[in-house]
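Asker: Here you go, upload25.txt (compact mmCIF, C-alpha atoms and all ligand atoms):
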# COMPACT_ATOMS: atom_id res chain seq x y z
CA MET A 1 19.78 177.63 -106.10
CA ASN A 2 16.48 179.42 -105.44
CA PRO A 3 16.15 181.90 -102.55
CA GLU A 4 13.93 179.55 -100.58
CA ASN A 5 16.68 176.93 -100.61
CA LEU A 6 19.11 179.61 -99.55
CA ILE A 7 17.00 180.54 -96.54
CA SER A 8 16.44 176.99 -95.44
CA ARG A 9 20.12 176.24 -95.95
CA LYS A 10 21.11 179.25 -93.84
CA LYS A 11 18.70 178.16 -91.15
CA PHE A 12 20.19 174.67 -91.34
CA LEU A 13 23.70 176.04 -90.88
CA TYR A 14 22.60 178.26 -88.02
CA GLN A 15 20.98 175.31 -86.34
CA ALA A 16 24.13 173.30 -86.99
CA GLY A 17 26.11 175.96 -85.13
CA MET A 18 23.62 176.39 -82.34
CA LEU A 19 23.17 172.67 -81.91
CA GLY A 20 26.90 172.28 -81.63
CA VAL A 21 27.12 171.98 -77.88
CA ALA A 22 24.17 169.63 -77.67
CA ALA A 23 25.60 167.49 -80.44
CA ALA A 24 29.03 167.44 -78.78
CA VAL A 25 27.41 166.07 -75.64
CA ALA A 26 25.36 163.64 -77.74
CA SER A 27 28.47 162.43 -79.56
CA ILE A 28 29.98 161.38 -76.26
CA THR A 29 26.99 159.13 -75.72
CA GLY A 30 27.17 157.92 -79.34
CA GLU A 31 23.97 159.70 -80.32
CA ALA A 32 25.35 162.48 -82.49
CA LYS A 33 22.93 163.40 -85.22
CA ASN A 34 24.67 163.77 -88.54
CA LEU A 35 23.35 167.05 -89.85
CA MET A 36 24.97 166.34 -93.19
CA GLN A 37 22.67 163.42 -93.86
CA ASP A 38 21.18 165.29 -96.83
CA GLY A 39 24.63 164.98 -98.42
CA LYS A 40 25.20 168.74 -98.65
CA LYS A 41 28.67 170.06 -98.08
CA ILE A 42 29.69 173.37 -96.54
CA ARG A 43 30.28 175.82 -99.38
CA VAL A 44 33.56 177.64 -98.75
CA GLY A 45 35.02 180.86 -100.16
CA LEU A 46 38.64 181.81 -99.41
CA ILE A 47 39.90 185.40 -99.44
CA GLY A 48 43.64 186.12 -99.55
CA CYS A 49 45.46 183.84 -102.01
CA GLY A 50 49.01 184.34 -100.73
CA SER A 51 51.49 182.14 -98.90
CA VAL A 52 49.22 180.54 -96.28
CA SER A 53 46.48 179.77 -98.83
CA THR A 54 48.87 177.28 -100.43
CA LYS A 55 48.60 175.27 -97.19
CA TYR A 56 44.87 175.85 -96.57
CA LEU A 57 43.55 175.06 -100.06
CA PRO A 58 45.09 171.56 -100.35
CA HIS A 59 43.73 170.69 -96.90
CA LEU A 60 40.25 172.08 -97.65
CA SER A 61 40.13 170.40 -101.05
CA LYS A 62 40.62 167.00 -99.38
CA SER A 63 37.85 167.51 -96.81
CA PRO A 64 34.68 165.46 -97.37
CA TYR A 65 32.70 168.27 -95.72
CA VAL A 66 33.87 171.05 -98.04
CA GLN A 67 32.81 172.31 -101.43
CA LEU A 68 35.25 175.01 -102.54
CA VAL A 69 33.15 177.65 -104.29
CA SER A 70 35.30 180.75 -104.77
CA THR A 71 38.61 182.46 -104.24
CA CYS A 72 39.28 186.19 -103.91
CA ASP A 73 42.35 188.43 -103.87
CA ILE A 74 42.92 192.11 -104.55
CA ILE A 75 45.72 190.83 -106.80
CA PRO A 76 43.26 189.16 -109.23
CA GLU A 77 45.87 186.88 -110.88
CA ARG A 78 46.43 185.22 -107.51
CA ALA A 79 42.71 184.43 -107.08
CA LYS A 80 42.56 183.10 -110.66
CA LYS A 81 45.68 180.95 -110.26
CA ALA A 82 44.44 179.43 -106.98
CA ALA A 83 40.99 178.75 -108.47
CA GLU A 84 42.54 177.00 -111.48
CA GLN A 85 44.94 174.99 -109.38
CA TYR A 86 42.22 173.60 -107.08
CA ASN A 87 39.36 173.39 -109.62
CA ILE A 88 37.39 176.12 -107.88
CA PRO A 89 34.68 177.47 -110.21
CA ASN A 90 34.73 181.19 -109.26
CA HIS A 91 37.33 183.86 -108.49
CA TYR A 92 36.89 187.53 -107.58
CA PRO A 93 39.00 190.69 -107.11
CA SER A 94 37.16 192.07 -104.03
CA ILE A 95 35.05 190.90 -101.10
CA GLU A 96 32.09 192.89 -102.44
CA LYS A 97 32.19 191.03 -105.77
CA MET A 98 32.71 187.75 -103.98
CA LEU A 99 29.66 188.27 -101.76
CA ALA A 100 27.56 189.30 -104.77
CA GLY A 101 28.77 186.22 -106.70
CA ALA A 102 28.38 182.48 -106.17
CA PRO A 103 26.73 181.76 -102.80
CA PHE A 104 28.75 180.17 -100.01
CA ASP A 105 28.39 179.43 -96.28
CA LEU A 106 31.85 179.87 -94.75
CA LEU A 107 34.41 182.57 -95.53
CA VAL A 108 38.04 181.64 -94.87
CA VAL A 109 40.10 184.80 -94.32
CA THR A 110 43.82 184.50 -95.07
CA THR A 111 44.67 188.08 -96.02
CA ASP A 112 47.10 190.60 -94.48
CA MET A 113 46.58 190.67 -90.70
CA GLN A 114 45.43 194.31 -90.61
CA GLU A 115 42.49 193.51 -92.95
CA HIS A 116 40.99 190.64 -90.92
CA GLY A 117 38.67 192.67 -88.67
CA ARG A 118 37.22 194.70 -91.55
CA LEU A 119 36.69 191.69 -93.85
CA ASN A 120 35.32 189.50 -91.04
CA LYS A 121 32.76 192.21 -90.25
CA ILE A 122 31.63 192.57 -93.88
CA ALA A 123 31.23 188.80 -94.17
CA ILE A 124 29.32 188.42 -90.90
CA GLN A 125 27.04 191.30 -91.88
CA ALA A 126 26.32 189.39 -95.10
CA GLY A 127 25.32 186.34 -93.02
CA LYS A 128 28.46 184.23 -93.57
CA HIS A 129 30.20 182.05 -91.02
CA VAL A 130 33.87 183.05 -90.71
CA TRP A 131 37.14 181.24 -90.09
CA SER A 132 39.83 183.91 -89.71
CA GLU A 133 43.58 183.55 -89.69
CA LYS A 134 45.12 185.27 -86.67
CA PRO A 135 44.47 187.81 -85.40
CA LEU A 136 40.67 187.86 -85.46
CA ALA A 137 40.75 191.69 -85.49
CA ASN A 138 43.16 194.53 -84.79
CA THR A 139 41.91 195.23 -81.26
CA TYR A 140 40.05 193.35 -78.55
CA LYS A 141 37.15 195.82 -78.87
CA GLU A 142 36.88 195.21 -82.61
CA GLY A 143 37.06 191.44 -82.02
CA LYS A 144 34.37 191.53 -79.32
CA GLU A 145 32.10 193.54 -81.62
CA LEU A 146 32.55 190.87 -84.31
CA VAL A 147 31.50 188.14 -81.91
CA ASP A 148 28.46 190.16 -80.79
CA LEU A 149 27.53 190.89 -84.41
CA ALA A 150 27.85 187.21 -85.31
CA ARG A 151 25.50 186.31 -82.46
CA GLN A 152 23.01 188.91 -83.69
CA LYS A 153 23.31 187.66 -87.30
CA LYS A 154 23.01 184.04 -86.12
CA VAL A 155 26.31 182.97 -87.65
CA ARG A 156 29.57 181.81 -86.09
CA VAL A 157 33.10 183.21 -86.13
CA TRP A 158 36.33 181.47 -85.14
CA GLY A 159 40.01 182.38 -85.30
CA ALA A 160 43.40 180.64 -85.73
CA PRO A 161 45.56 179.17 -84.35
CA VAL A 162 44.41 175.61 -83.61
CA VAL A 163 47.32 174.55 -81.38
CA VAL A 164 44.75 173.17 -78.90
CA ASN A 165 43.91 170.45 -81.45
CA SER A 166 47.26 168.64 -81.28
CA PRO A 167 47.51 165.33 -79.38
CA GLN A 168 50.51 166.82 -77.53
CA PHE A 169 48.38 169.72 -76.25
CA ALA A 170 45.78 167.18 -75.11
CA PHE A 171 48.45 165.13 -73.30
CA MET A 172 49.84 168.20 -71.53
CA ALA A 173 46.41 169.55 -70.59
CA LYS A 174 45.36 166.20 -69.12
CA ALA A 175 48.65 165.78 -67.22
CA ILE A 176 48.23 169.25 -65.67
CA ASN A 177 44.56 168.73 -64.85
CA GLN A 178 45.29 165.33 -63.28
CA GLY A 179 47.83 167.02 -61.01
CA LYS A 180 50.86 165.14 -62.41
CA LEU A 181 52.99 168.31 -62.10
CA GLY A 182 51.62 169.20 -58.65
CA LYS A 183 50.99 172.92 -58.25
CA VAL A 184 51.98 174.58 -61.54
CA ALA A 185 54.14 177.64 -60.91
CA ALA A 186 55.91 178.71 -64.09
CA ALA A 187 56.10 178.26 -67.85
CA HIS A 188 58.13 179.53 -70.78
CA ALA A 189 57.47 179.42 -74.52
CA HIS A 190 59.36 180.75 -77.53
CA TYR A 191 58.95 181.07 -81.26
CA GLY A 192 61.03 183.12 -83.67
CA HIS A 193 62.88 183.16 -86.96
CA LEU A 194 64.38 185.81 -89.22
CA GLY A 195 60.98 187.12 -90.30
CA PRO A 196 58.82 186.76 -93.43
CA THR A 197 60.44 188.12 -96.59
CA TRP A 198 57.41 188.30 -98.90
CA SER A 199 54.98 190.93 -97.52
CA ALA A 200 55.30 194.31 -95.83
CA PHE A 201 52.24 193.96 -93.58
CA PHE A 202 54.14 191.81 -91.08
CA TYR A 203 56.25 194.92 -90.23
CA GLU A 204 53.58 197.63 -90.53
CA LYS A 205 51.49 199.09 -87.70
CA LEU A 206 49.38 196.38 -85.98
CA GLY A 207 51.60 193.70 -87.48
CA GLY A 208 54.60 192.36 -85.59
CA SER A 209 55.96 189.14 -84.17
CA MET A 210 53.25 188.82 -81.50
CA PRO A 211 50.19 188.45 -83.79
CA ASP A 212 52.24 186.40 -86.27
CA LEU A 213 54.33 184.12 -84.02
CA GLY A 214 53.82 184.73 -80.28
CA VAL A 215 50.08 184.17 -80.78
CA TYR A 216 50.71 180.40 -80.97
CA ASN A 217 52.54 180.37 -77.62
CA MET A 218 49.92 182.62 -76.01
CA ALA A 219 47.15 180.27 -77.16
CA SER A 220 49.11 177.24 -75.88
CA LEU A 221 50.01 178.71 -72.48
CA THR A 222 46.55 180.12 -71.74
CA GLY A 223 45.01 176.89 -73.06
CA LEU A 224 47.19 174.87 -70.67
CA LEU A 225 47.40 177.14 -67.60
CA GLY A 226 44.08 178.97 -67.91
CA PRO A 227 43.11 182.60 -68.55
CA ALA A 228 45.62 185.34 -67.76
CA LYS A 229 44.60 188.22 -65.52
CA SER A 230 47.45 190.64 -66.17
CA VAL A 231 50.32 191.24 -68.57
CA VAL A 232 53.69 193.01 -68.46
CA ALA A 233 55.76 193.31 -71.62
CA MET A 234 58.83 194.80 -73.25
CA LEU A 235 58.76 195.19 -77.03
CA ASN A 236 61.14 196.83 -79.45
CA VAL A 237 62.46 196.92 -83.00
CA ILE A 238 65.84 195.30 -83.60
CA THR A 239 65.95 195.67 -87.41
CA PRO A 240 64.61 199.14 -88.31
CA THR A 241 64.45 198.63 -92.09
CA ARG A 242 63.71 195.55 -94.16
CA LYS A 243 63.52 194.59 -97.81
CA VAL A 244 60.35 192.64 -98.67
CA ASP A 245 59.21 191.21 -102.00
CA ASN A 246 56.07 193.35 -102.41
CA ARG A 247 57.74 196.76 -102.02
CA PRO A 248 60.32 198.25 -104.42
CA ASN A 249 62.43 199.85 -101.67
CA PRO A 250 63.36 198.89 -98.11
CA ILE A 251 60.52 199.60 -95.65
CA LYS A 252 60.59 201.12 -92.18
CA VAL A 253 59.70 198.53 -89.52
CA GLU A 254 56.86 200.04 -87.44
CA ALA A 255 55.61 197.05 -85.45
CA GLU A 256 57.70 195.26 -82.80
CA ASP A 257 60.01 192.57 -84.12
CA ASN A 258 61.22 191.53 -80.65
CA ALA A 259 58.85 190.76 -77.76
CA MET A 260 59.02 189.52 -74.17
CA VAL A 261 55.59 189.05 -72.61
CA LEU A 262 54.95 188.01 -69.00
CA MET A 263 51.52 186.70 -68.06
CA GLU A 264 50.01 186.23 -64.60
CA HIS A 265 47.39 183.49 -64.85
CA ALA A 266 44.28 183.44 -62.67
CA SER A 267 45.62 180.16 -61.19
CA GLY A 268 48.65 182.06 -59.83
CA ALA A 269 51.10 180.56 -62.36
CA LEU A 270 53.45 183.00 -64.10
CA SER A 271 54.37 182.38 -67.72
CA HIS A 272 56.54 183.98 -70.33
CA VAL A 273 56.35 184.21 -74.13
CA GLN A 274 59.41 185.18 -76.14
CA CYS A 275 58.95 185.84 -79.87
CA GLY A 276 60.63 187.80 -82.62
CA PHE A 277 61.74 188.23 -86.21
CA ASN A 278 65.47 188.38 -85.42
CA TYR A 279 66.20 184.86 -84.25
CA PHE A 280 68.94 182.99 -86.00
CA ASP A 281 67.33 179.62 -86.14
CA PRO A 282 68.33 176.84 -88.48
CA TYR A 283 64.69 175.70 -88.71
CA GLY A 284 63.50 178.77 -90.65
CA HIS A 285 59.90 179.71 -91.38
CA GLY A 286 58.93 176.10 -92.11
CA GLY A 287 60.21 174.93 -88.73
CA ASP A 288 61.71 171.71 -90.15
CA GLY A 289 64.14 170.00 -87.82
CA GLN A 290 63.12 171.78 -84.62
CA ASP A 291 63.50 168.90 -82.20
CA LYS A 292 64.08 170.85 -78.98
CA PRO A 293 61.49 171.91 -76.41
CA THR A 294 59.71 175.18 -77.23
CA ILE A 295 57.36 175.15 -74.26
CA SER A 296 58.40 174.20 -70.72
CA ILE A 297 56.18 174.01 -67.67
CA TRP A 298 57.29 173.55 -64.08
CA GLY A 299 55.23 172.45 -61.08
CA THR A 300 55.98 171.30 -57.54
CA GLU A 301 55.89 167.60 -58.51
CA GLY A 302 57.09 167.50 -62.10
CA ASN A 303 58.13 169.31 -65.23
CA MET A 304 57.09 168.95 -68.83
CA HIS A 305 58.54 170.04 -72.19
CA LEU A 306 56.79 170.18 -75.55
CA ILE A 307 59.08 168.90 -78.32
CA GLY A 308 58.97 170.85 -81.60
CA TYR A 309 56.94 174.00 -82.14
CA ASP A 310 53.47 174.06 -80.59
CA TRP A 311 51.95 174.34 -84.10
CA ALA A 312 53.81 171.17 -85.19
CA PRO A 313 54.73 169.22 -82.05
CA PHE A 314 55.79 165.60 -81.98
CA GLY A 315 56.36 164.64 -78.36
CA VAL A 316 56.24 165.65 -74.71
CA ASP A 317 59.09 165.01 -72.26
CA MET A 318 57.87 164.74 -68.68
CA ALA A 319 59.65 164.02 -65.39
CA THR A 320 57.70 163.58 -62.15
CA PHE A 321 58.19 162.15 -58.68
CA GLU A 322 55.96 159.32 -59.95
CA SER A 323 58.51 158.50 -62.73
CA GLU A 324 61.30 158.61 -60.09
CA GLU A 325 62.39 161.93 -61.64
CA LYS A 326 63.31 160.24 -64.94
CA THR A 327 62.38 162.14 -68.11
CA ILE A 328 60.14 160.02 -70.30
CA ARG A 329 58.97 160.89 -73.83
CA TYR A 330 55.17 160.73 -74.34
CA ALA A 331 52.65 161.63 -77.03
CA GLU A 332 54.82 160.81 -80.04
CA ASP A 333 51.85 160.13 -82.30
CA THR A 334 50.67 163.30 -84.06
CA GLY A 335 47.60 161.63 -85.58
CA SER A 336 45.98 163.67 -88.34
CA TYR A 337 46.68 167.05 -86.69
CA VAL A 338 48.31 169.75 -88.84
CA TRP A 339 48.35 173.49 -88.07
CA GLU A 340 46.62 174.35 -91.37
CA GLU A 341 43.53 172.27 -90.52
CA GLY A 342 41.55 175.12 -88.89
CA ALA A 343 39.10 175.96 -91.69
CA SER A 344 38.51 172.28 -92.49
CA VAL A 345 37.80 171.53 -88.82
CA ILE A 346 35.27 174.37 -88.75
CA ALA A 347 33.57 173.18 -91.96
CA LYS A 348 33.29 169.73 -90.39
CA SER A 349 31.82 171.25 -87.25
CA LEU A 350 29.24 173.23 -89.25
CA ALA A 351 28.34 170.11 -91.21
CA THR A 352 28.06 167.71 -88.29
CA GLY A 353 26.98 170.03 -85.48
CA VAL A 354 29.83 168.84 -83.23
CA GLU A 355 31.36 171.82 -81.44
CA PRO A 356 35.13 172.16 -82.15
CA LEU A 357 37.70 172.47 -79.37
CA VAL A 358 38.92 175.82 -80.68
CA ASN A 359 36.63 178.58 -79.45
CA VAL A 360 36.31 182.27 -80.14
CA ASP A 361 36.42 183.42 -76.49
CA HIS A 362 39.91 181.93 -76.29
CA SER A 363 40.94 183.76 -79.51
CA LEU A 364 39.58 187.02 -78.10
CA HIS A 365 41.51 186.49 -74.87
CA VAL A 366 44.76 186.02 -76.82
CA LEU A 367 43.96 189.15 -78.84
CA GLU A 368 43.52 191.09 -75.60
CA ILE A 369 46.91 189.79 -74.37
CA ILE A 370 48.61 191.07 -77.55
CA GLU A 371 46.97 194.46 -77.18
CA ALA A 372 47.81 194.58 -73.46
CA ALA A 373 51.47 193.81 -74.24
CA ARG A 374 51.56 196.79 -76.63
CA ARG A 375 50.00 199.03 -73.98
CA SER A 376 52.36 197.75 -71.31
CA GLN A 377 55.33 198.71 -73.49
CA GLU A 378 53.85 202.12 -74.32
CA GLU A 379 52.82 203.00 -70.76
CA GLY A 380 55.55 201.18 -68.84
CA ARG A 381 53.14 199.39 -66.52
CA ARG A 382 51.25 196.19 -65.82
CA ILE A 383 47.93 195.87 -67.70
CA THR A 384 44.88 194.13 -66.21
CA LEU A 385 42.83 192.00 -68.60
CA GLN A 386 39.04 191.85 -68.72
CA SER A 387 38.38 188.82 -70.95
CA THR A 388 38.32 185.17 -70.01
CA PHE A 389 37.25 181.85 -71.55
CA LYS A 390 35.89 178.50 -70.45
CA TRP A 391 38.73 176.49 -68.94
CA PRO A 392 39.96 173.77 -68.62
CA MET A 393 39.60 173.15 -72.34
CA ILE A 394 40.37 169.43 -71.97
CA THR A 395 39.63 167.46 -68.81
N1 LIG B 401 52.53 182.26 -94.57
C1 LIG B 401 52.39 181.36 -93.60
O1 LIG B 401 53.07 180.35 -93.56
C2 LIG B 401 51.37 181.59 -92.52
C3 LIG B 401 51.17 180.56 -91.58
C4 LIG B 401 50.18 180.69 -90.64
C5 LIG B 401 49.41 181.83 -90.63
N2 LIG B 401 49.64 182.85 -91.52
C6 LIG B 401 48.77 184.03 -91.47
O2 LIG B 401 48.04 184.10 -92.69
C7 LIG B 401 47.76 185.46 -93.03
C8 LIG B 401 48.29 185.74 -94.42
O3 LIG B 401 49.70 185.55 -94.44
P1 LIG B 401 50.46 185.19 -95.78
O4 LIG B 401 51.83 184.81 -95.38
O5 LIG B 401 49.66 184.23 -96.57
O6 LIG B 401 50.49 186.63 -96.48
P2 LIG B 401 50.59 186.93 -98.04
O7 LIG B 401 51.02 188.33 -98.17
O8 LIG B 401 51.40 185.87 -98.70
O9 LIG B 401 49.09 186.76 -98.55
C9 LIG B 401 48.06 187.68 -98.21
C10 LIG B 401 47.17 187.83 -99.45
O10 LIG B 401 46.01 188.58 -99.08
C11 LIG B 401 45.72 189.47 -100.15
N3 LIG B 401 44.89 190.56 -99.63
C12 LIG B 401 45.25 191.57 -98.80
N4 LIG B 401 44.19 192.36 -98.52
C13 LIG B 401 43.14 191.83 -99.18
C14 LIG B 401 41.77 192.20 -99.29
N5 LIG B 401 41.28 193.27 -98.66
N6 LIG B 401 40.97 191.44 -100.05
C15 LIG B 401 41.46 190.37 -100.73
N7 LIG B 401 42.74 189.96 -100.65
C16 LIG B 401 43.58 190.69 -99.90
C17 LIG B 401 47.07 189.91 -100.67
O11 LIG B 401 47.00 190.43 -101.98
C18 LIG B 401 47.86 188.60 -100.59
O12 LIG B 401 47.76 187.84 -101.78
C19 LIG B 401 48.39 186.29 -91.92
O13 LIG B 401 47.43 186.53 -90.94
C20 LIG B 401 49.48 185.37 -91.37
O14 LIG B 401 49.79 185.70 -90.03
C21 LIG B 401 50.60 182.75 -92.48
As C-alpha cells, what does this structure read like?
Ligand SMILES: NC(=O)c1ccc[n+]([C@@H]2O[C@H](COP(=O)([O-])OP(=O)(O)OC[C@H]3O[C@@H](n4cnc5c(N)ncnc54)[C@H](O)[C@@H]3O)[C@@H](O)[C@H]2O)c1
Answerer:
Amino acid sequence: MNPENLISRKKFLYQAGMLGVAAAVASITGEAKNLMQDGKKIRVGLIGCGSVSTKYLPHLSKSPYVQLVSTCDIIPERAKKAAEQYNIPNHYPSIEKMLAGAPFDLLVVTTDMQEHGRLNKIAIQAGKHVWSEKPLANTYKEGKELVDLARQKKVRVWGAPVVVNSPQFAFMAKAINQGKLGKVAAAHAHYGHLGPTWSAFFYEKLGGSMPDLGVYNMASLTGLLGPAKSVVAMLNVITPTRKVDNRPNPIKVEAEDNAMVLMEHASGALSHVQCGFNYFDPYGHGGDGQDKPTISIWGTEGNMHLIGYDWAPFGVDMATFESEEKTIRYAEDTGSYVWEEGASVIAKSLATGVEPLVNVDHSLHVLEIIEAARRSQEEGRRITLQSTFKWPMIT
C-alpha cells in the first residue's frame, strides 16, 4: 500500500470514528451510511497471544469487518503459533517490530494487565485505534492521559469488559429506567473462583481480583445504577503464596485476592461488589453451570436478579407489585452476545461508523473505582470519585 493510500485510509478511519454518533442517530432513522462500501475491512493486529487470545482470535477471524494482519508476543513462539493457527500473515516479538511491520488500523491488547497502559500509549502515539482488555491502564490518571492522547492523535480507544452488550443487561437497564423497581436502593454483585493458575501477573502489584474479576460487576452495577460518587473498600490477601505455570517457584501474592467494595451512586443507591481468588466454586474459571443469580437489585416496588455471571448471563428473574410479587424469568435469549466479542464489535463500529454501546468514559470510571478501592483500604477512609460517564446507557 502506498503512503497516500495510508493517509486517506487513516483519515477514513478517523472520520468513521468521529462520525460514529451521527451515524448511530442516522441508523435509528434507517439512514446509516455504510462507510465500508469500498469493501475494505479493518486491519487488526493482536498483541498478547496467551489464554484470552484463544477466545478473541476465533471471534475476530469470523467477523466480516476484520482482516487479521499480525500477532505479537514477547514469547515469539506464541505469536507464531497463533498466526499459523488463524492464517495470519505476520507475527512479531515486540510492539516496536509490530508497528514497524505490516500496517494495521486497530491494535487489540490482550497482554498482562500491568502492560496495557504502556502498550496502549505506544499504539495511540503511532496513530492506531486501540481495543484494550481490562484494565485500560494501571491508574485513572494514566487512563485519562490515554484518552486525551487519542483525541489529540485523532484515533479512538476502548476497554473491556462489554457486559453492557448482553440482552440481559439491556432488559435490566430498561426495567430500572421505566421505574419497574420503583426507587432503587441497593444492589449486590459477586464473582470469584480459585484464581488463574497460568500467569504470575494476576498476583503481582497492580494485578488482583478487582481488575480481573470485580471489574465486570463494577461495569454492570455502574452501567445499571449510574456513576458512583464515592467508594469504601476492604481488601486483603488470603493466600500469601501461589504456584503458577510461568514461574519455577511459588510466588508471593502482592495484589489483593479478596475484595469487598461498597459504592455510593449519584442516584443515592448503595451497591456492593464482592470478588476474589479464593472462592470454592464448582463453576471454575470457565463459569460453566453457574445458574444462580450473581447480581441482585432491590427497589421499593420490585427486585431483580441476573442469572449466570454478568459476562455470560442467560436470564433475569424479576418480581414486582405489577407481577403480584411473583418472580418471573425474563430475557432468556442471549442472541449473539459473547463476552469475547469486544474487539470484533469495535472493528464493526470503525467500519460502519455506528457508535458502540461500550464507551471509554465508563471504562475510565470503573478504573477509578478500582484505584479508589485500593486507596480506601490503604488509608482506611471513604474515597470521593471525580469521573463520570453519560448515563443512562440504555433508555
Ligand atoms: N484468560 C481469560 O480467560 C481472560 C478472560 C477475560 C479477560 N482476560 C484478560 O486478558 C488479559 C490477558 O490474560 P491472559 O489470561 O490471556 O494472560 P496470559 O498470561 O495467558 O497471556 C498474556 C500474554 O501476553 C504476553 N505479553 C506480556 N507482555 C507483553 C508485551 N509487552 N508485549 C507482547 N506480549 C506480551 C505474554 O507473553 C502472554 O503470552 C488480562 O488483562 C486478563 O485480565 C483474560
Asker: Kindly provide, as a PDB file with C-alpha atoms, keeping the file's coordinate frame, all nucleotide and amino acid residues lying within 7 Å of ligand LIG 401 (chain B), counting all atoms listed in the file.
Answerer:
ATOM      1  CA  ILE A  47      39.900 185.400 -99.440  1.00  0.00           C
ATOM      2  CA  GLY A  48      43.640 186.120 -99.550  1.00  0.00           C
ATOM      3  CA  CYS A  49      45.460 183.840-102.010  1.00  0.00           C
ATOM      4  CA  GLY A  50      49.010 184.340-100.730  1.00  0.00           C
ATOM      5  CA  SER A  51      51.490 182.140 -98.900  1.00  0.00           C
ATOM      6  CA  VAL A  52      49.220 180.540 -96.280  1.00  0.00           C
ATOM      7  CA  SER A  53      46.480 179.770 -98.830  1.00  0.00           C
ATOM      8  CA  CYS A  72      39.280 186.190-103.910  1.00  0.00           C
ATOM      9  CA  ASP A  73      42.350 188.430-103.870  1.00  0.00           C
ATOM     10  CA  ILE A  74      42.920 192.110-104.550  1.00  0.00           C
ATOM     11  CA  ILE A  75      45.720 190.830-106.800  1.00  0.00           C
ATOM     12  CA  ARG A  78      46.430 185.220-107.510  1.00  0.00           C
ATOM     13  CA  PRO A  93      39.000 190.690-107.110  1.00  0.00           C
ATOM     14  CA  SER A  94      37.160 192.070-104.030  1.00  0.00           C
ATOM     15  CA  ILE A  95      35.050 190.900-101.100  1.00  0.00           C
ATOM     16  CA  THR A 110      43.820 184.500 -95.070  1.00  0.00           C
ATOM     17  CA  THR A 111      44.670 188.080 -96.020  1.00  0.00           C
ATOM     18  CA  ASP A 112      47.100 190.600 -94.480  1.00  0.00           C
ATOM     19  CA  MET A 113      46.580 190.670 -90.700  1.00  0.00           C
ATOM     20  CA  GLU A 115      42.490 193.510 -92.950  1.00  0.00           C
ATOM     21  CA  LEU A 119      36.690 191.690 -93.850  1.00  0.00           C
ATOM     22  CA  GLU A 133      43.580 183.550 -89.690  1.00  0.00           C
ATOM     23  CA  LYS A 134      45.120 185.270 -86.670  1.00  0.00           C
ATOM     24  CA  PRO A 135      44.470 187.810 -85.400  1.00  0.00           C
ATOM     25  CA  TRP A 198      57.410 188.300 -98.900  1.00  0.00           C
ATOM     26  CA  SER A 199      54.980 190.930 -97.520  1.00  0.00           C
ATOM     27  CA  PRO A 211      50.190 188.450 -83.790  1.00  0.00           C
ATOM     28  CA  ASP A 212      52.240 186.400 -86.270  1.00  0.00           C
TER      29      ASP A 212
END
Asker: Considering only C-alpha atoms, can you say which of A:Leu225, A:Val253, A:Val273, A:Leu235 comes closest to Glu204 in chain A?
Answerer: A:Val253
Asker: Report as a VMD selection string all protein, DNA and RNA residues lying within 12 Å of Pro250 in chain A, evaluated on all atoms listed in the file, omitting residues in the same chain fewer than 6 positions from it.
Answerer: chain A and resid 197 199 to 200 203 239 to 244
Asker: Output the selection as a CSV table (one decimal), in the frame of the given file - C-alpha atoms for each residue.
Answerer:
chain,number,residue,atom,x,y,z
A,197,THR,CA,60.4,188.1,-96.6
A,199,SER,CA,55.0,190.9,-97.5
A,200,ALA,CA,55.3,194.3,-95.8
A,203,TYR,CA,56.2,194.9,-90.2
A,239,THR,CA,66.0,195.7,-87.4
A,240,PRO,CA,64.6,199.1,-88.3
A,241,THR,CA,64.4,198.6,-92.1
A,242,ARG,CA,63.7,195.6,-94.2
A,243,LYS,CA,63.5,194.6,-97.8
A,244,VAL,CA,60.4,192.6,-98.7
Asker: Mind pulling up the distance from CA of Gly315 in chain A to CA of Val338 in chain A?
Answerer: 14.2 Å
Asker: For Tyr216 in chain A, which of A:Gln386, A:Ser363, A:Thr320, A:Gln67 is the closest residue, counting all atoms listed in the file?
Answerer: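 When distances to Tyr216 in chain A are compared using all atoms listed in the file, the smallest one comes from A:Ser363.
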Asker: Could you tell me which of A:His91, A:His265, A:His190, A:Lys180 comes closest to Ser230 in chain A if we count only C-alpha atoms?
Answerer: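 The shortest atom-to-atom distance to Ser230 in chain A comes from A:His265.
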Asker: If you measure from CA of Gly143 in chain A to CA of Gly214 in chain A, what distance in Å do you get, rounded to one decimal?
Answerer: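 Computed distance, CA of Gly143 in chain A to CA of Gly214 in chain A, equals 18.1 Å.
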